[in-house]
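Below is entry_26.pdb, which holds PDB, N, CA and C atoms.
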```
ATOM      1  N   MET A  72     150.436   0.796  40.305
ATOM      2  CA  MET A  72     150.434  -0.541  40.855
ATOM      3  C   MET A  72     151.654  -1.325  40.365
ATOM      4  N   LYS A  73     151.981  -1.124  39.084
ATOM      5  CA  LYS A  73     153.136  -1.808  38.519
ATOM      6  C   LYS A  73     154.421  -1.386  39.238
ATOM      7  N   ARG A  74     154.513  -0.065  39.552
ATOM      8  CA  ARG A  74     155.688   0.427  40.279
ATOM      9  C   ARG A  74     155.782  -0.210  41.663
ATOM     10  N   LEU A  75     154.620  -0.380  42.314
ATOM     11  CA  LEU A  75     154.606  -0.969  43.652
ATOM     12  C   LEU A  75     155.095  -2.413  43.613
ATOM     13  N   ILE A  76     154.664  -3.161  42.615
ATOM     14  CA  ILE A  76     155.083  -4.561  42.487
ATOM     15  C   ILE A  76     156.581  -4.641  42.239
ATOM     16  N   ILE A  77     157.081  -3.805  41.339
ATOM     17  CA  ILE A  77     158.522  -3.808  41.052
ATOM     18  C   ILE A  77     159.317  -3.400  42.285
ATOM     19  N   ALA A  78     158.854  -2.358  42.970
ATOM     20  CA  ALA A  78     159.549  -1.911  44.188
ATOM     21  C   ALA A  78     159.529  -2.993  45.258
ATOM     22  N   THR A  79     158.397  -3.671  45.387
ATOM     23  CA  THR A  79     158.273  -4.727  46.384
ATOM     24  C   THR A  79     159.226  -5.873  46.083
ATOM     25  N   LEU A  80     159.270  -6.300  44.832
ATOM     26  CA  LEU A  80     160.171  -7.391  44.465
ATOM     27  C   LEU A  80     161.631  -6.995  44.653
ATOM     28  N   SER A  81     161.953  -5.766  44.309
ATOM     29  CA  SER A  81     163.322  -5.285  44.513
ATOM     30  C   SER A  81     163.671  -5.260  45.994
ATOM     31  N   THR A  82     162.735  -4.799  46.792
ATOM     32  CA  THR A  82     162.960  -4.737  48.235
ATOM     33  C   THR A  82     163.139  -6.128  48.818
ATOM     34  N   LEU A  83     162.326  -7.061  48.372
ATOM     35  CA  LEU A  83     162.461  -8.434  48.864
ATOM     36  C   LEU A  83     163.835  -8.995  48.536
ATOM     37  N   ALA A  84     164.271  -8.776  47.315
ATOM     38  CA  ALA A  84     165.584  -9.281  46.917
ATOM     39  C   ALA A  84     166.682  -8.643  47.753
ATOM     40  N   LEU A  85     166.613  -7.332  47.926
ATOM     41  CA  LEU A  85     167.622  -6.643  48.726
ATOM     42  C   LEU A  85     167.573  -7.051  50.189
ATOM     43  N   SER A  86     166.375  -7.194  50.721
ATOM     44  CA  SER A  86     166.268  -7.547  52.136
ATOM     45  C   SER A  86     166.819  -8.936  52.400
ATOM     46  N   MET A  87     166.662  -9.827  51.450
ATOM     47  CA  MET A  87     167.204 -11.172  51.629
ATOM     48  C   MET A  87     168.730 -11.148  51.603
ATOM     49  N   LEU A  88     169.298 -10.280  50.787
ATOM     50  CA  LEU A  88     170.753 -10.170  50.711
ATOM     51  C   LEU A  88     171.346  -9.441  51.904
ATOM     52  N   LEU A  89     170.616  -8.453  52.407
ATOM     53  CA  LEU A  89     171.146  -7.591  53.449
ATOM     54  C   LEU A  89     170.633  -7.910  54.843
ATOM     55  N   ALA A  90     169.780  -8.876  55.005
ATOM     56  CA  ALA A  90     169.136  -9.158  56.284
ATOM     57  C   ALA A  90     170.129  -9.270  57.455
ATOM     58  N   PRO A  91     171.223 -10.008  57.334
ATOM     59  CA  PRO A  91     172.124 -10.107  58.486
ATOM     60  C   PRO A  91     172.756  -8.774  58.877
ATOM     61  N   ALA A  92     172.966  -7.887  57.928
ATOM     62  CA  ALA A  92     173.607  -6.615  58.229
ATOM     63  C   ALA A  92     172.627  -5.455  58.122
ATOM     64  N   ALA A  93     171.354  -5.726  58.338
ATOM     65  CA  ALA A  93     170.329  -4.726  58.071
ATOM     66  C   ALA A  93     170.191  -3.668  59.162
ATOM     67  N   GLN A  94     170.792  -3.853  60.320
ATOM     68  CA  GLN A  94     170.669  -2.882  61.398
ATOM     69  C   GLN A  94     170.883  -1.464  60.878
ATOM     70  N   ALA A  95     169.877  -0.631  61.023
ATOM     71  CA  ALA A  95     169.910   0.791  60.676
ATOM     72  C   ALA A  95     170.152   1.057  59.195
ATOM     73  N   GLU A  96     170.185   0.015  58.364
ATOM     74  CA  GLU A  96     170.379   0.217  56.944
ATOM     75  C   GLU A  96     169.077   0.073  56.171
ATOM     76  N   THR A  97     168.015  -0.308  56.827
ATOM     77  CA  THR A  97     166.723  -0.434  56.161
ATOM     78  C   THR A  97     166.190   0.964  55.904
ATOM     79  N   THR A  98     165.969   1.261  54.643
ATOM     80  CA  THR A  98     165.476   2.595  54.287
ATOM     81  C   THR A  98     163.991   2.699  54.618
ATOM     82  N   PRO A  99     163.469   3.911  54.697
ATOM     83  CA  PRO A  99     162.035   4.068  54.932
ATOM     84  C   PRO A  99     161.196   3.353  53.872
ATOM     85  N   ASN A 100     161.617   3.433  52.620
ATOM     86  CA  ASN A 100     160.893   2.767  51.550
ATOM     87  C   ASN A 100     160.908   1.246  51.738
ATOM     88  N   GLU A 101     162.062   0.709  52.086
ATOM     89  CA  GLU A 101     162.170  -0.731  52.331
ATOM     90  C   GLU A 101     161.291  -1.148  53.506
ATOM     91  N   LEU A 102     161.287  -0.352  54.552
ATOM     92  CA  LEU A 102     160.492  -0.671  55.736
ATOM     93  C   LEU A 102     159.009  -0.752  55.387
ATOM     94  N   VAL A 103     158.510   0.219  54.634
ATOM     95  CA  VAL A 103     157.100   0.213  54.241
ATOM     96  C   VAL A 103     156.816  -0.974  53.319
ATOM     97  N   ASN A 104     157.719  -1.259  52.396
ATOM     98  CA  ASN A 104     157.522  -2.412  51.516
ATOM     99  C   ASN A 104     157.546  -3.725  52.286
ATOM    100  N   LEU A 105     158.413  -3.826  53.274
ATOM    101  CA  LEU A 105     158.452  -5.030  54.104
ATOM    102  C   LEU A 105     157.133  -5.209  54.849
ATOM    103  N   ALA A 106     156.615  -4.118  55.377
ATOM    104  CA  ALA A 106     155.330  -4.181  56.072
ATOM    105  C   ALA A 106     154.220  -4.577  55.104
ATOM    106  N   ASN A 107     154.217  -3.966  53.949
ATOM    107  CA  ASN A 107     153.169  -4.224  52.974
ATOM    108  C   ASN A 107     153.163  -5.680  52.506
ATOM    109  N   THR A 108     154.319  -6.284  52.437
ATOM    110  CA  THR A 108     154.409  -7.668  51.975
ATOM    111  C   THR A 108     154.302  -8.692  53.100
ATOM    112  N   GLY A 109     154.102  -8.235  54.330
ATOM    113  CA  GLY A 109     153.836  -9.165  55.423
ATOM    114  C   GLY A 109     155.015  -9.538  56.288
ATOM    115  N   TYR A 110     156.177  -8.939  56.059
ATOM    116  CA  TYR A 110     157.358  -9.298  56.842
ATOM    117  C   TYR A 110     157.322  -8.787  58.274
ATOM    118  N   LEU A 111     156.383  -7.904  58.600
ATOM    119  CA  LEU A 111     156.295  -7.395  59.976
ATOM    120  C   LEU A 111     155.013  -7.848  60.673
ATOM    121  N   LYS A 112     154.386  -8.900  60.156
ATOM    122  CA  LYS A 112     153.154  -9.410  60.763
ATOM    123  C   LYS A 112     153.392  -9.894  62.191
ATOM    124  N   ASP A 113     154.536 -10.510  62.437
ATOM    125  CA  ASP A 113     154.842 -11.003  63.785
ATOM    126  C   ASP A 113     154.933  -9.865  64.798
ATOM    127  N   GLN A 114     155.138  -8.641  64.314
ATOM    128  CA  GLN A 114     155.200  -7.475  65.189
ATOM    129  C   GLN A 114     153.864  -6.736  65.226
ATOM    130  N   GLY A 115     152.821  -7.341  64.662
ATOM    131  CA  GLY A 115     151.480  -6.770  64.737
ATOM    132  C   GLY A 115     151.124  -5.796  63.625
ATOM    133  N   ILE A 116     151.935  -5.734  62.575
ATOM    134  CA  ILE A 116     151.660  -4.836  61.456
ATOM    135  C   ILE A 116     150.955  -5.645  60.357
ATOM    136  N   PRO A 117     149.749  -5.255  59.982
ATOM    137  CA  PRO A 117     149.041  -5.982  58.922
ATOM    138  C   PRO A 117     149.710  -5.744  57.569
ATOM    139  N   SER A 118     149.311  -6.528  56.578
ATOM    140  CA  SER A 118     149.902  -6.384  55.256
ATOM    141  C   SER A 118     148.834  -6.095  54.206
ATOM    142  N   HIS A 119     149.294  -5.717  53.051
ATOM    143  CA  HIS A 119     148.467  -5.473  51.868
ATOM    144  C   HIS A 119     147.289  -4.535  52.155
ATOM    145  N   ASP A 120     146.079  -4.941  51.782
ATOM    146  CA  ASP A 120     144.901  -4.087  51.957
ATOM    147  C   ASP A 120     144.632  -3.771  53.426
ATOM    148  N   ALA A 121     144.911  -4.725  54.299
ATOM    149  CA  ALA A 121     144.693  -4.490  55.732
ATOM    150  C   ALA A 121     145.631  -3.400  56.248
ATOM    151  N   LEU A 122     146.827  -3.323  55.698
ATOM    152  CA  LEU A 122     147.757  -2.263  56.089
ATOM    153  C   LEU A 122     147.221  -0.912  55.627
ATOM    154  N   ALA A 123     146.790  -0.838  54.382
ATOM    155  CA  ALA A 123     146.236   0.421  53.860
ATOM    156  C   ALA A 123     145.042   0.871  54.700
ATOM    157  N   HIS A 124     144.188  -0.067  55.057
ATOM    158  CA  HIS A 124     143.020   0.245  55.895
ATOM    159  C   HIS A 124     143.473   0.781  57.263
ATOM    160  N   ALA A 125     144.443   0.096  57.856
ATOM    161  CA  ALA A 125     144.937   0.504  59.183
ATOM    162  C   ALA A 125     145.569   1.894  59.136
ATOM    163  N   ILE A 126     146.246   2.208  58.045
ATOM    164  CA  ILE A 126     146.855   3.538  57.900
ATOM    165  C   ILE A 126     145.758   4.589  57.781
ATOM    166  N   ARG A 127     144.783   4.321  56.915
ATOM    167  CA  ARG A 127     143.693   5.286  56.693
ATOM    168  C   ARG A 127     142.933   5.613  57.973
ATOM    169  N   PHE A 128     142.754   4.620  58.823
ATOM    170  CA  PHE A 128     141.953   4.798  60.028
ATOM    171  C   PHE A 128     142.794   5.033  61.282
ATOM    172  N   GLY A 129     144.079   5.354  61.085
ATOM    173  CA  GLY A 129     144.931   5.746  62.199
ATOM    174  C   GLY A 129     145.328   4.620  63.141
ATOM    175  N   GLN A 130     145.208   3.390  62.685
ATOM    176  CA  GLN A 130     145.578   2.256  63.530
ATOM    177  C   GLN A 130     147.065   1.923  63.422
ATOM    178  N   VAL A 131     147.697   2.360  62.337
ATOM    179  CA  VAL A 131     149.134   2.170  62.126
ATOM    180  C   VAL A 131     149.693   3.492  61.633
ATOM    181  N   ASN A 132     150.809   3.916  62.228
ATOM    182  CA  ASN A 132     151.467   5.139  61.781
ATOM    183  C   ASN A 132     152.969   4.870  61.635
ATOM    184  N   ALA A 133     153.696   5.900  61.281
ATOM    185  CA  ALA A 133     155.134   5.759  61.041
ATOM    186  C   ALA A 133     155.870   5.225  62.269
ATOM    187  N   GLU A 134     155.514   5.740  63.433
ATOM    188  CA  GLU A 134     156.188   5.288  64.653
ATOM    189  C   GLU A 134     155.929   3.800  64.909
ATOM    190  N   ASP A 135     154.702   3.350  64.659
ATOM    191  CA  ASP A 135     154.385   1.924  64.823
ATOM    192  C   ASP A 135     155.260   1.065  63.917
ATOM    193  N   LEU A 136     155.415   1.527  62.682
ATOM    194  CA  LEU A 136     156.214   0.776  61.718
ATOM    195  C   LEU A 136     157.678   0.734  62.124
ATOM    196  N   VAL A 137     158.208   1.869  62.585
ATOM    197  CA  VAL A 137     159.603   1.916  63.016
ATOM    198  C   VAL A 137     159.803   1.045  64.255
ATOM    199  N   GLU A 138     158.870   1.084  65.188
ATOM    200  CA  GLU A 138     158.964   0.216  66.367
ATOM    201  C   GLU A 138     158.961  -1.259  65.950
ATOM    202  N   ALA A 139     158.152  -1.601  64.964
ATOM    203  CA  ALA A 139     158.127  -2.979  64.465
ATOM    204  C   ALA A 139     159.462  -3.335  63.819
ATOM    205  N   GLY A 140     160.044  -2.381  63.096
ATOM    206  CA  GLY A 140     161.359  -2.608  62.487
ATOM    207  C   GLY A 140     162.441  -2.819  63.533
ATOM    208  N   VAL A 141     162.349  -2.079  64.621
ATOM    209  CA  VAL A 141     163.299  -2.257  65.729
ATOM    210  C   VAL A 141     163.095  -3.634  66.361
ATOM    211  N   ALA A 142     161.842  -3.989  66.610
ATOM    212  CA  ALA A 142     161.543  -5.286  67.228
ATOM    213  C   ALA A 142     161.988  -6.453  66.347
ATOM    214  N   ASP A 143     161.997  -6.244  65.036
ATOM    215  CA  ASP A 143     162.406  -7.287  64.099
ATOM    216  C   ASP A 143     163.910  -7.220  63.792
ATOM    217  N   ASP A 144     164.636  -6.392  64.524
ATOM    218  CA  ASP A 144     166.084  -6.218  64.356
ATOM    219  C   ASP A 144     166.476  -5.735  62.969
ATOM    220  N   ARG A 145     165.611  -4.975  62.334
ATOM    221  CA  ARG A 145     165.922  -4.376  61.036
ATOM    222  C   ARG A 145     166.400  -2.940  61.201
ATOM    223  N   LEU A 146     166.136  -2.358  62.364
ATOM    224  CA  LEU A 146     166.528  -0.991  62.663
ATOM    225  C   LEU A 146     167.104  -0.923  64.070
ATOM    226  N   SER A 147     167.995   0.035  64.283
ATOM    227  CA  SER A 147     168.511   0.250  65.635
ATOM    228  C   SER A 147     167.492   1.080  66.414
ATOM    229  N   PRO A 148     167.425   0.902  67.726
ATOM    230  CA  PRO A 148     166.465   1.660  68.539
ATOM    231  C   PRO A 148     166.624   3.177  68.431
ATOM    232  N   GLU A 149     167.815   3.657  68.138
ATOM    233  CA  GLU A 149     168.054   5.092  68.036
ATOM    234  C   GLU A 149     167.256   5.740  66.905
ATOM    235  N   ILE A 150     166.852   4.957  65.935
ATOM    236  CA  ILE A 150     166.129   5.495  64.785
ATOM    237  C   ILE A 150     164.768   6.065  65.206
ATOM    238  N   LEU A 151     164.259   5.616  66.354
ATOM    239  CA  LEU A 151     162.984   6.152  66.862
ATOM    240  C   LEU A 151     163.071   7.641  67.185
ATOM    241  N   ASP A 152     164.276   8.139  67.421
ATOM    242  CA  ASP A 152     164.479   9.557  67.724
ATOM    243  C   ASP A 152     164.851  10.374  66.490
ATOM    244  N   ASP A 153     164.890   9.730  65.333
ATOM    245  CA  ASP A 153     165.281  10.400  64.094
ATOM    246  C   ASP A 153     164.037  10.944  63.388
ATOM    247  N   ALA A 154     163.767  12.224  63.588
ATOM    248  CA  ALA A 154     162.566  12.858  63.030
ATOM    249  C   ALA A 154     162.539  12.774  61.508
ATOM    250  N   SER A 155     163.685  12.875  60.880
ATOM    251  CA  SER A 155     163.754  12.803  59.421
ATOM    252  C   SER A 155     163.343  11.412  58.925
ATOM    253  N   TYR A 156     163.849  10.384  59.579
ATOM    254  CA  TYR A 156     163.498   9.010  59.193
ATOM    255  C   TYR A 156     161.996   8.784  59.373
ATOM    256  N   LEU A 157     161.459   9.199  60.516
ATOM    257  CA  LEU A 157     160.025   9.036  60.772
ATOM    258  C   LEU A 157     159.192   9.793  59.738
ATOM    259  N   SER A 158     159.632  10.977  59.379
ATOM    260  CA  SER A 158     158.928  11.765  58.379
ATOM    261  C   SER A 158     158.933  11.062  57.019
ATOM    262  N   GLN A 159     160.048  10.457  56.677
ATOM    263  CA  GLN A 159     160.141   9.725  55.412
ATOM    264  C   GLN A 159     159.236   8.495  55.412
ATOM    265  N   VAL A 160     159.177   7.803  56.532
ATOM    266  CA  VAL A 160     158.278   6.646  56.641
ATOM    267  C   VAL A 160     156.834   7.116  56.497
ATOM    268  N   GLU A 161     156.495   8.203  57.171
ATOM    269  CA  GLU A 161     155.136   8.749  57.080
ATOM    270  C   GLU A 161     154.783   9.098  55.634
ATOM    271  N   SER A 162     155.723   9.681  54.925
ATOM    272  CA  SER A 162     155.505  10.019  53.531
ATOM    273  C   SER A 162     155.256   8.770  52.687
ATOM    274  N   ARG A 163     156.033   7.729  52.926
ATOM    275  CA  ARG A 163     155.862   6.464  52.182
ATOM    276  C   ARG A 163     154.513   5.839  52.504
ATOM    277  N   LEU A 164     154.065   5.960  53.766
ATOM    278  CA  LEU A 164     152.764   5.419  54.134
ATOM    279  C   LEU A 164     151.645   6.165  53.411
ATOM    280  N   ARG A 165     151.778   7.484  53.318
ATOM    281  CA  ARG A 165     150.766   8.273  52.575
ATOM    282  C   ARG A 165     150.756   7.870  51.102
ATOM    283  N   ASN A 166     151.942   7.645  50.532
ATOM    284  CA  ASN A 166     152.031   7.203  49.135
ATOM    285  C   ASN A 166     151.375   5.837  48.952
ATOM    286  N   LEU A 167     151.548   4.980  49.931
ATOM    287  CA  LEU A 167     150.968   3.638  49.842
ATOM    288  C   LEU A 167     149.453   3.688  49.742
ATOM    289  N   ILE A 168     148.833   4.555  50.517
ATOM    290  CA  ILE A 168     147.370   4.600  50.477
ATOM    291  C   ILE A 168     146.850   5.469  49.333
ATOM    292  N   ALA A 169     147.753   6.239  48.708
ATOM    293  CA  ALA A 169     147.335   7.058  47.573
ATOM    294  C   ALA A 169     147.300   6.250  46.273
ATOM    295  N   ASP A 170     148.039   5.127  46.230
ATOM    296  CA  ASP A 170     148.082   4.308  45.005
ATOM    297  C   ASP A 170     146.796   3.584  44.751
TER     298      ASP A 170
END
```
Written as C-alpha coordinates, that's how I'd like the structure from this file.
Amino acid sequence: MKRLIIATLSTLALSMLLAPAAQAETTPNELVNLANTGYLKDQGIPSHDALAHAIRFGQVNAEDLVEAGVADDRLSPEILDDASYLSQVESRLRNLIAD
(Lines of atoms letter the chains of each structure in order from A and count residues from 1; the text may use other names and numbers.)
(Lines give C-alpha, C1' and ligand atoms only; values in the text may rest on other atoms or scores of the structure.)
Protein backbone atom coordinates (compact mmCIF):
# COMPACT_ATOMS: atom_id res chain seq x y z
CA MET A 1 0.00 0.00 0.00
CA LYS A 2 2.87 2.33 0.83
CA ARG A 3 4.39 1.68 -2.61
CA LEU A 4 1.05 2.50 -4.25
CA ILE A 5 0.80 5.82 -2.43
CA ILE A 6 4.36 6.78 -3.34
CA ALA A 7 3.84 5.73 -6.96
CA THR A 8 0.58 7.65 -7.11
CA LEU A 9 2.12 10.83 -5.74
CA SER A 10 5.06 10.52 -8.11
CA THR A 11 2.72 10.00 -11.03
CA LEU A 12 0.64 13.01 -10.07
CA ALA A 13 3.72 15.19 -9.90
CA LEU A 14 4.99 13.94 -13.24
CA SER A 15 1.62 14.20 -14.93
CA MET A 16 1.28 17.80 -13.85
CA LEU A 17 4.69 18.61 -15.31
CA LEU A 18 4.22 16.65 -18.50
CA ALA A 19 0.50 17.15 -19.18
CA PRO A 20 0.90 19.50 -22.17
CA ALA A 21 3.36 17.16 -23.88
CA ALA A 22 1.84 13.91 -22.64
CA GLN A 23 0.71 12.59 -26.04
CA ALA A 24 1.95 8.98 -26.26
CA GLU A 25 4.36 9.58 -23.38
CA THR A 26 2.05 8.35 -20.63
CA THR A 27 3.42 5.03 -19.48
CA PRO A 28 1.15 2.10 -18.66
CA ASN A 29 1.95 2.56 -14.98
CA GLU A 30 1.10 6.26 -15.13
CA LEU A 31 -2.14 5.52 -16.96
CA VAL A 32 -3.28 3.05 -14.29
CA ASN A 33 -2.26 5.45 -11.51
CA LEU A 34 -4.15 8.29 -13.19
CA ALA A 35 -7.24 6.10 -13.38
CA ASN A 36 -6.87 4.98 -9.79
CA THR A 37 -6.63 8.56 -8.55
CA GLY A 38 -9.69 9.71 -10.48
CA TYR A 39 -8.15 11.59 -13.40
CA LEU A 40 -10.13 9.52 -15.93
CA LYS A 41 -13.54 9.79 -14.25
CA ASP A 42 -14.79 12.11 -17.00
CA GLN A 43 -14.13 9.25 -19.44
CA GLY A 44 -16.20 6.82 -17.36
CA ILE A 45 -13.36 5.10 -15.49
CA PRO A 46 -14.05 4.74 -11.75
CA SER A 47 -11.34 5.37 -9.18
CA HIS A 48 -9.93 3.76 -6.06
CA ASP A 49 -11.98 0.82 -4.70
CA ALA A 50 -14.60 1.21 -7.44
CA LEU A 51 -11.86 0.76 -10.05
CA ALA A 52 -10.59 -2.40 -8.36
CA HIS A 53 -14.15 -3.73 -8.22
CA ALA A 54 -14.74 -2.91 -11.90
CA ILE A 55 -11.50 -4.68 -12.87
CA ARG A 56 -12.34 -7.78 -10.83
CA PHE A 57 -15.79 -8.08 -12.39
CA GLY A 58 -14.69 -7.39 -15.97
CA GLN A 59 -16.32 -3.97 -16.23
CA VAL A 60 -13.00 -2.23 -16.96
CA ASN A 61 -10.08 -3.71 -18.87
CA ALA A 62 -6.83 -2.50 -20.41
CA GLU A 63 -8.48 -1.45 -23.65
CA ASP A 64 -11.07 0.63 -21.76
CA LEU A 65 -8.29 2.40 -19.90
CA VAL A 66 -6.30 3.09 -23.06
CA GLU A 67 -9.43 4.39 -24.82
CA ALA A 68 -10.00 6.71 -21.85
CA GLY A 69 -6.39 7.88 -22.11
CA VAL A 70 -6.89 8.63 -25.79
CA ALA A 71 -10.14 10.48 -25.07
CA ASP A 72 -8.34 12.54 -22.41
CA ASP A 73 -5.53 13.39 -24.89
CA ARG A 74 -2.94 11.58 -22.78
CA LEU A 75 -2.29 8.97 -25.48
CA SER A 76 -2.28 8.96 -29.26
CA PRO A 77 -4.98 6.84 -30.93
CA GLU A 78 -2.32 4.59 -32.47
CA ILE A 79 -1.52 3.19 -29.03
CA LEU A 80 -4.76 1.17 -29.23
CA ASP A 81 -3.01 -1.06 -31.80
CA ASP A 82 0.09 -1.54 -29.63
CA ALA A 83 -0.27 -5.04 -28.16
CA SER A 84 2.76 -4.54 -25.92
CA TYR A 85 1.35 -1.36 -24.38
CA LEU A 86 -2.05 -3.01 -23.82
CA SER A 87 -0.36 -6.01 -22.24
CA GLN A 88 1.58 -3.75 -19.87
CA VAL A 89 -1.60 -1.91 -18.87
CA GLU A 90 -3.31 -5.26 -18.25
CA SER A 91 -0.41 -6.32 -16.06
CA ARG A 92 -0.62 -3.09 -14.03
CA LEU A 93 -4.37 -3.60 -13.61
CA ARG A 94 -3.77 -7.12 -12.26
CA ASN A 95 -1.16 -5.70 -9.86
CA LEU A 96 -3.63 -3.07 -8.71
CA ILE A 97 -6.20 -5.63 -7.64
CA ALA A 98 -3.55 -7.90 -6.12
CA ASP A 99 -2.44 -5.23 -3.60
Item to complete: Given the file shown, enumerate the residues that the PyMOL selection byres ((chain A and resi 131-148) around 6.5) captures and present them as a ChimeraX atom specification.
Response: /A:93-97,111,114,125-130,149-152,157,160-161
Need to verify the contact set: region 162-169 of chain A, 7 Å, only C-alpha atoms, exclusion of same-chain residues closer than 4 positions in sequence. Can you return it as a CSV table (one decimal) with N, CA and C atoms, in the frame of the given file?
```csv
chain,number,residue,atom,x,y,z
A,100,ASN,N,161.6,3.4,52.6
A,100,ASN,CA,160.9,2.8,51.6
A,100,ASN,C,160.9,1.2,51.7
A,103,VAL,N,158.5,0.2,54.6
A,103,VAL,CA,157.1,0.2,54.2
A,103,VAL,C,156.8,-1.0,53.3
A,123,ALA,N,146.8,-0.8,54.4
A,123,ALA,CA,146.2,0.4,53.9
A,123,ALA,C,145.0,0.9,54.7
A,158,SER,N,159.6,11.0,59.4
A,158,SER,CA,158.9,11.8,58.4
A,158,SER,C,158.9,11.1,57.0
```
Worksheet item: Which is closer to Leu122 (chain A) than all the others in A:Asp153, A:Gln159, A:Glu101, A:Ala106, using all atoms listed in the file?
Response: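 Looking at the shortest contact to Leu122 (chain A), the residue is A:Ala106.
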Discussion item. Going by DSSP on the backbone, which residues of region 88-151 of chain A come out as alpha helix (DSSP H)? List them as a ChimeraX atom specification.
Written reply: /A:88-89,99-107,119-127,133-142
Worksheet item: Which of these, A:Asp113, A:Thr108, A:Pro99, A:His119, has the shortest distance to Ser155 (chain A) once you count only C-alpha atoms?
Response: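 Looking only at the distances to Ser155 (chain A), the closest residue turns out to be A:Pro99.
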Worksheet entry | Distance of atom C of Asp170 (chain A) from atom C of Leu102 (chain A), expressed in Å to one decimal place | 16.8 Å
Item to complete: Enter the distance from atom C of Tyr110 (chain A) to atom N of His124 (chain A), in Å, rounded to one decimal.
Response: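 Computed distance, atom C of Tyr110 (chain A) to atom N of His124 (chain A), equals 16.1 Å.
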